[in-house]
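This is work_10.txt. It holds compact mmCIF, C-alpha atoms.
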```txt
# COMPACT_ATOMS: atom_id res chain seq x y z
CA MET I 167 96.56 -0.39 164.58
CA LEU I 168 97.23 -2.86 167.38
CA ILE I 169 94.71 -3.36 170.17
CA GLU I 170 95.78 -4.93 173.44
CA GLU I 171 94.30 -8.39 173.93
CA ASN I 172 91.82 -7.41 176.64
CA TYR I 173 90.14 -4.24 175.47
CA TRP I 174 86.68 -2.81 176.00
CA ARG I 175 84.97 0.53 175.76
CA ILE I 176 81.48 1.92 176.36
CA PHE I 177 79.88 4.57 174.16
CA ALA I 178 76.84 6.26 175.68
CA PRO I 179 75.63 9.32 173.74
CA ASN I 180 74.18 12.03 176.00
CA ASN I 181 75.10 9.88 179.01
CA MET I 182 72.49 7.33 177.95
CA LEU I 183 71.81 4.49 180.41
CA ALA I 184 74.43 5.72 182.84
CA SER I 185 72.93 3.41 185.48
CA LEU I 186 74.02 0.38 183.41
CA ARG I 187 77.56 1.49 182.68
CA ASP I 188 79.09 -0.33 185.66
CA LEU I 189 77.12 -3.48 184.85
CA MET I 190 78.29 -3.60 181.23
CA ASP I 191 81.84 -2.78 182.29
CA GLU I 192 81.76 -5.83 184.58
CA VAL I 193 80.29 -8.01 181.81
CA CYS I 194 83.21 -7.06 179.58
CA ARG I 195 85.73 -7.67 182.34
CA GLN I 196 84.33 -11.17 182.89
CA ILE I 197 84.48 -12.02 179.19
CA CYS I 198 88.10 -10.93 178.97
CA GLU I 199 88.95 -12.80 182.15
CA TYR I 200 87.56 -15.99 180.62
CA ARG I 201 89.67 -15.56 177.52
CA GLU I 202 92.78 -14.83 179.59
CA SER I 203 92.37 -17.55 182.21
CA VAL I 204 90.72 -20.51 180.48
CA PRO I 205 92.70 -22.11 177.63
CA ILE I 206 89.71 -24.04 176.33
CA VAL I 207 86.42 -22.18 176.55
CA PRO I 208 83.23 -24.25 176.12
CA GLU I 209 81.01 -22.66 173.54
CA LEU I 210 78.29 -21.60 175.97
CA CYS I 211 80.65 -20.14 178.59
CA LEU I 212 80.70 -16.99 176.49
CA PRO I 213 77.86 -15.54 174.44
CA THR I 214 79.28 -17.05 171.25
CA ALA I 215 76.47 -19.43 170.37
CA ALA I 216 74.29 -16.68 168.87
CA LYS I 217 71.71 -17.55 171.55
CA GLU I 218 70.58 -15.31 174.38
CA VAL I 219 70.65 -18.27 176.81
CA SER I 220 74.39 -17.72 177.12
CA LEU I 221 73.92 -14.06 178.10
CA THR I 222 71.73 -14.43 181.17
CA PRO I 223 74.26 -16.11 183.52
CA LEU I 224 76.96 -13.69 182.41
CA ILE I 225 74.84 -10.63 183.26
CA MET I 226 73.63 -12.18 186.50
CA GLN I 227 77.18 -12.84 187.67
CA ALA I 228 78.21 -9.30 186.75
CA ALA I 229 75.27 -7.93 188.75
CA TYR I 230 76.15 -10.02 191.81
CA ASN I 231 79.79 -8.94 191.59
CA LEU I 232 78.77 -5.28 191.60
CA HIS I 233 76.45 -5.77 194.53
CA ARG I 234 79.09 -7.63 196.50
CA ASN I 235 81.59 -4.84 195.89
CA ASP I 236 79.10 -2.09 196.82
CA LYS I 237 79.12 -0.66 193.30
CA ALA I 238 75.37 -0.96 192.70
CA VAL I 239 72.14 -0.70 194.66
CA PHE I 240 70.05 -3.25 192.78
CA TRP I 241 69.37 -6.96 193.13
CA PRO I 242 69.32 -9.10 189.98
CA VAL I 243 66.64 -11.65 189.09
CA SER I 244 66.48 -13.83 185.98
CA GLU I 245 63.71 -15.53 184.00
CA MET I 246 60.81 -13.67 185.57
CA THR I 247 57.34 -14.93 184.73
CA ALA I 248 54.83 -12.29 183.68
CA THR I 249 51.59 -11.99 181.71
CA ARG I 250 51.60 -11.04 178.04
CA TYR I 251 49.07 -8.49 176.85
CA GLU I 252 48.49 -9.94 173.41
CA LYS I 253 47.47 -13.49 174.32
CA GLY I 254 47.11 -13.31 178.07
CA SER I 255 49.64 -16.13 178.31
CA LYS I 256 52.68 -16.41 180.52
CA GLY I 257 55.90 -14.83 179.29
CA ARG I 258 59.36 -14.30 180.67
CA ILE I 259 61.76 -11.41 180.96
CA ASP I 260 65.44 -12.34 180.88
CA ILE I 261 66.83 -10.00 183.56
CA GLY I 262 65.37 -7.74 186.23
CA LEU I 263 67.46 -5.33 188.29
CA PHE I 264 65.52 -4.24 191.38
CA SER I 265 66.02 -1.54 193.98
CA LYS I 266 63.56 -0.24 196.58
CA ARG I 267 61.59 1.93 194.18
CA HIS I 268 62.92 1.27 190.69
CA ALA I 269 63.42 -1.67 188.35
CA THR I 270 65.20 -2.23 185.07
CA PHE I 271 63.97 -5.00 182.80
CA ILE I 272 66.35 -6.35 180.16
CA GLU I 273 65.38 -8.56 177.22
CA CYS I 274 68.42 -10.17 175.61
CA LYS I 275 69.04 -11.29 172.05
CA ALA I 276 72.22 -12.54 170.39
CA VAL I 277 73.39 -12.78 166.80
CA ARG I 278 76.60 -13.54 164.95
CA SER I 279 78.00 -11.19 162.36
CA SER I 280 81.16 -11.29 160.28
CA ALA I 281 83.66 -8.51 160.86
CA THR I 282 83.66 -7.94 157.10
CA ASN I 283 79.88 -7.55 156.90
CA ASN I 284 78.62 -4.03 157.57
CA ASN I 285 74.96 -4.90 156.97
CA ASN I 286 73.25 -4.47 160.34
CA ASN I 287 69.74 -5.56 159.36
CA ARG I 288 69.87 -8.79 161.42
CA ILE I 289 70.96 -6.82 164.46
CA GLU I 290 68.12 -4.35 163.98
CA LYS I 291 65.58 -7.18 163.68
CA ALA I 292 66.86 -8.74 166.91
CA LEU I 293 66.61 -5.39 168.69
CA ASP I 294 63.07 -4.89 167.37
CA LYS I 295 62.10 -8.37 168.58
CA ALA I 296 63.44 -7.69 172.08
CA THR I 297 61.55 -4.37 172.14
CA GLU I 298 58.34 -6.06 171.01
CA GLN I 299 58.60 -8.67 173.77
CA LEU I 300 59.16 -6.03 176.44
CA MET I 301 56.21 -3.98 175.27
CA ASP I 302 53.98 -7.05 175.41
CA ILE I 303 54.65 -7.67 179.12
CA GLU I 304 52.11 -6.48 181.69
CA LEU I 305 54.57 -5.08 184.20
CA GLU I 306 51.97 -4.94 186.97
CA THR I 307 52.14 -8.74 187.10
CA LEU I 308 55.81 -8.43 188.07
CA LEU I 309 55.67 -5.56 190.56
CA PHE I 310 52.64 -6.75 192.53
CA ASN I 311 54.24 -5.89 195.89
CA SER I 312 55.86 -2.57 194.96
CA PRO I 313 55.17 0.82 196.57
CA GLU I 314 51.90 2.37 195.46
CA GLU I 315 53.61 5.24 193.65
CA THR I 316 55.54 2.73 191.54
CA ILE I 317 52.38 0.89 190.56
CA ASN I 318 50.58 4.15 189.73
CA ASN I 319 53.40 5.34 187.50
CA ILE I 320 54.75 1.97 186.46
CA ARG I 321 56.38 2.78 183.15
CA ALA I 322 57.76 6.13 184.27
CA ASN I 323 59.60 4.66 187.24
CA ASN I 324 61.18 1.72 185.45
CA LYS I 325 63.45 1.15 182.47
CA LEU I 326 62.71 -1.26 179.63
CA ILE I 327 65.99 -2.23 177.97
CA PRO I 328 66.19 -4.31 174.79
CA MET I 329 69.75 -5.57 174.32
CA VAL I 330 71.50 -7.40 171.49
CA ALA I 331 74.91 -9.05 171.79
CA VAL I 332 76.72 -9.26 168.46
CA ASN I 333 79.38 -11.94 168.30
CA VAL I 334 81.91 -10.56 165.80
CA THR I 335 83.55 -13.34 163.79
CA CYS I 336 86.49 -13.50 161.44
CA ASP I 337 87.86 -16.05 158.96
CA THR I 338 91.24 -17.46 159.98
CA ASN I 339 92.80 -16.14 156.80
CA ARG I 340 91.94 -12.58 157.88
CA LEU I 341 93.18 -12.75 161.48
CA ALA I 342 96.21 -10.63 160.69
CA ASN I 343 93.82 -7.73 160.10
CA ARG I 344 91.43 -8.51 162.93
CA ASP I 345 92.12 -5.29 164.85
CA ARG I 346 91.18 -3.12 161.91
CA LEU I 347 88.23 -5.30 160.93
CA PHE I 348 86.85 -5.32 164.47
CA MET I 349 87.09 -1.55 164.85
CA GLU I 350 85.46 -1.00 161.45
CA LYS I 351 82.63 -3.35 162.42
CA VAL I 352 82.02 -1.51 165.69
CA ALA I 353 82.18 1.81 163.85
CA SER I 354 79.45 0.65 161.45
CA ILE I 355 77.28 -0.44 164.40
CA ARG I 356 77.79 2.89 166.16
CA GLU I 357 76.85 4.73 162.97
CA TYR I 358 73.74 2.59 162.45
CA PHE I 359 72.54 2.76 166.07
CA ARG I 360 73.47 6.37 166.85
CA ASN I 361 71.06 6.78 169.77
CA SER I 362 71.94 3.53 171.53
CA MET I 363 74.53 2.60 174.12
CA ILE I 364 77.25 0.62 172.33
CA VAL I 365 79.66 -1.58 174.27
CA GLN I 366 82.64 -3.13 172.52
CA VAL I 367 84.87 -5.85 173.92
CA ARG I 368 87.74 -7.30 171.92
CA TYR I 369 89.42 -10.46 173.20
CA LYS I 370 91.77 -13.24 172.15
CA PRO I 371 90.30 -15.10 169.15
CA HIS I 372 88.86 -18.55 169.71
CA PHE I 373 87.36 -21.10 167.34
CA ILE I 374 83.58 -21.44 167.23
CA ARG I 375 81.17 -23.87 165.66
CA HIS I 376 78.92 -22.92 162.81
CA SER I 377 76.53 -24.76 160.53
CA GLY I 378 78.28 -27.44 158.53
CA ASP I 379 81.31 -28.04 160.77
CA LYS I 380 79.81 -29.59 163.91
CA ASN I 381 82.19 -32.55 163.93
CA LEU I 382 85.36 -30.70 162.98
CA LYS I 383 88.28 -30.33 165.35
CA ASN I 384 89.33 -26.81 166.26
CA GLU I 385 92.35 -26.84 163.99
CA ASP I 386 90.12 -27.73 161.04
CA ARG I 387 87.64 -24.91 161.56
CA ASN I 388 87.96 -21.61 159.76
CA ILE I 389 85.85 -19.16 161.76
CA MET I 390 86.93 -17.52 165.00
CA SER I 391 85.23 -15.18 167.45
CA ILE I 392 87.27 -12.00 167.90
CA GLY I 393 85.02 -9.84 170.06
CA HIS I 394 81.56 -8.58 170.90
CA ALA I 395 79.47 -5.48 170.48
CA PHE I 396 76.46 -4.92 172.74
CA ILE I 397 73.62 -2.62 171.67
CA LEU I 398 71.34 -1.36 174.46
CA ASP I 399 68.28 0.85 174.02
CA ASP I 400 65.95 2.56 176.49
CA ILE I 401 62.39 2.38 175.15
CA PRO I 402 61.23 6.03 175.02
CA MET I 403 58.36 7.04 177.29
CA ARG I 404 56.12 7.95 174.33
CA PHE I 405 56.13 4.32 173.19
CA ARG I 406 55.30 2.78 176.56
```

For this file, produce the structure as structure tokens.
Amino acid sequence: MLIEENYWRIFAPNNMLASLRDLMDEVCRQICEYRESVPIVPELCLPTAAKEVSLTPLIMQAAYNLHRNDKAVFWPVSEMTATRYEKGSKGRIDIGLFSKRHATFIECKAVRSSATNNNNNRIEKALDKATEQLMDIELETLLFNSPEETINNIRANNKLIPMVAVNVTCDTNRLANRDRLFMEKVASIREYFRNSMIVQVRYKPHFIRHSGDKNLKNEDRNIMSIGHAFILDDIPMRFR
């Protein structure tokens, strides 16, 4: 099976998180545009460093693009300071998408996973961590100037979205089979996270750094990034 170089698709069971479909579609478009337009991509230009810090600017730019093209009715904000319930200390939420009466809060995590590894435990742990951080935020400290009905029904009116970006990697000696390996990896993620929105984006492979090869030139490395899978959940009301 041959996949065109720039390829992405969104799976949303029962129309889950329909309000974020356009945003994730734009995120994928930007990633593919990078791979198509920039011959040499710095490691942090794409979310390939297995760190969520590389996700925030990508999502923010996608949100601004949608707003500029009249495809969304929210304004994006990043790195919002809020109070944590557990310790009463200051915490941060990665992304907030605000409209007049509603808000979506997104906590991002990122991991790397080999296309030949169908064990999704690390992904699940990252998703659980993002969920835990969202649940520990006192949302009233964010929406202090919102309409009264929003404050009174704070968790009903707003979405809490834990998100994990999985950088799918492949050894150079397996690149000939990367299409099949990538699709099998995404299939295993979809099977494991059946009730989540899954977004897949497959792009031109590029070399990445990993532990033990920091000083190697690209041609001497043996691991490449071949695509991404994003897992997004909506924390059910009963858990809020």

Give me the residues within 8 Å of Ser362 of chain I as an mmCIF file with C-alpha atoms, keeping the file's coordinate frame, counting only C-alpha atoms and dropping any in the same chain fewer than 4 places off.
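Output saved as out_2.cif:
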```cif
data_model
loop_
_atom_site.group_PDB
_atom_site.id
_atom_site.type_symbol
_atom_site.label_atom_id
_atom_site.label_comp_id
_atom_site.auth_asym_id
_atom_site.auth_seq_id
_atom_site.Cartn_x
_atom_site.Cartn_y
_atom_site.Cartn_z
ATOM 1 C CA ALA I 178 76.840 6.260 175.680
ATOM 2 C CA PRO I 179 75.630 9.320 173.740
ATOM 3 C CA MET I 182 72.490 7.330 177.950
ATOM 4 C CA ARG I 356 77.790 2.890 166.160
ATOM 5 C CA ILE I 397 73.620 -2.620 171.670
ATOM 6 C CA LEU I 398 71.340 -1.360 174.460
ATOM 7 C CA ASP I 399 68.280 0.850 174.020
ATOM 8 C CA ASP I 400 65.950 2.560 176.490
#
```

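For the atom pair formed by atom CA of Tyr251 of chain I and atom CA of Leu308 of chain I, the distance is 13.1 Å, given to one decimal.
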
I'd like the contact shell of Tyr358 of chain I - 12 Å cut-off, only C-alpha atoms, skipping same-chain residues fewer than 6 positions apart - returned as a PDB file with C-alpha atoms, in the coordinates of the input.
```pdb
ATOM      1  CA  ASN I 284      78.620  -4.030 157.570  1.00  0.00           C
ATOM      2  CA  ASN I 285      74.960  -4.900 156.970  1.00  0.00           C
ATOM      3  CA  ASN I 286      73.250  -4.470 160.340  1.00  0.00           C
ATOM      4  CA  ASN I 287      69.740  -5.560 159.360  1.00  0.00           C
ATOM      5  CA  ILE I 289      70.960  -6.820 164.460  1.00  0.00           C
ATOM      6  CA  GLU I 290      68.120  -4.350 163.980  1.00  0.00           C
ATOM      7  CA  LYS I 351      82.630  -3.350 162.420  1.00  0.00           C
ATOM      8  CA  VAL I 352      82.020  -1.510 165.690  1.00  0.00           C
ATOM      9  CA  ILE I 364      77.250   0.620 172.330  1.00  0.00           C
ATOM     10  CA  ILE I 397      73.620  -2.620 171.670  1.00  0.00           C
TER      11      ILE I 397
END
```

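Restricting the calculation to all atoms listed in the file, the smallest distance between Asp260 of chain I and any of I:Val219, I:Ala342, I:Ala229, I:Cys336 is found for I:Val219.
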
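Put simply, atom CA of Arg187 of chain I is 17.0 Å away from atom CA of Thr222 of chain I.
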
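Picture a line from atom CA of Leu305 of chain I to atom CA of Leu293 of chain I; it runs 19.6 Å.
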
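Considering the residues I:Arg175, I:Arg346, I:Lys325, I:Arg201 and counting all atoms listed in the file, Ala281 of chain I has its shortest atom-to-atom contact with I:Arg346.
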
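Shortest atom-to-atom contact with Glu192 of chain I among I:Arg344, I:Val204, I:Met226, I:Leu263: I:Met226, counting only C-alpha atoms.
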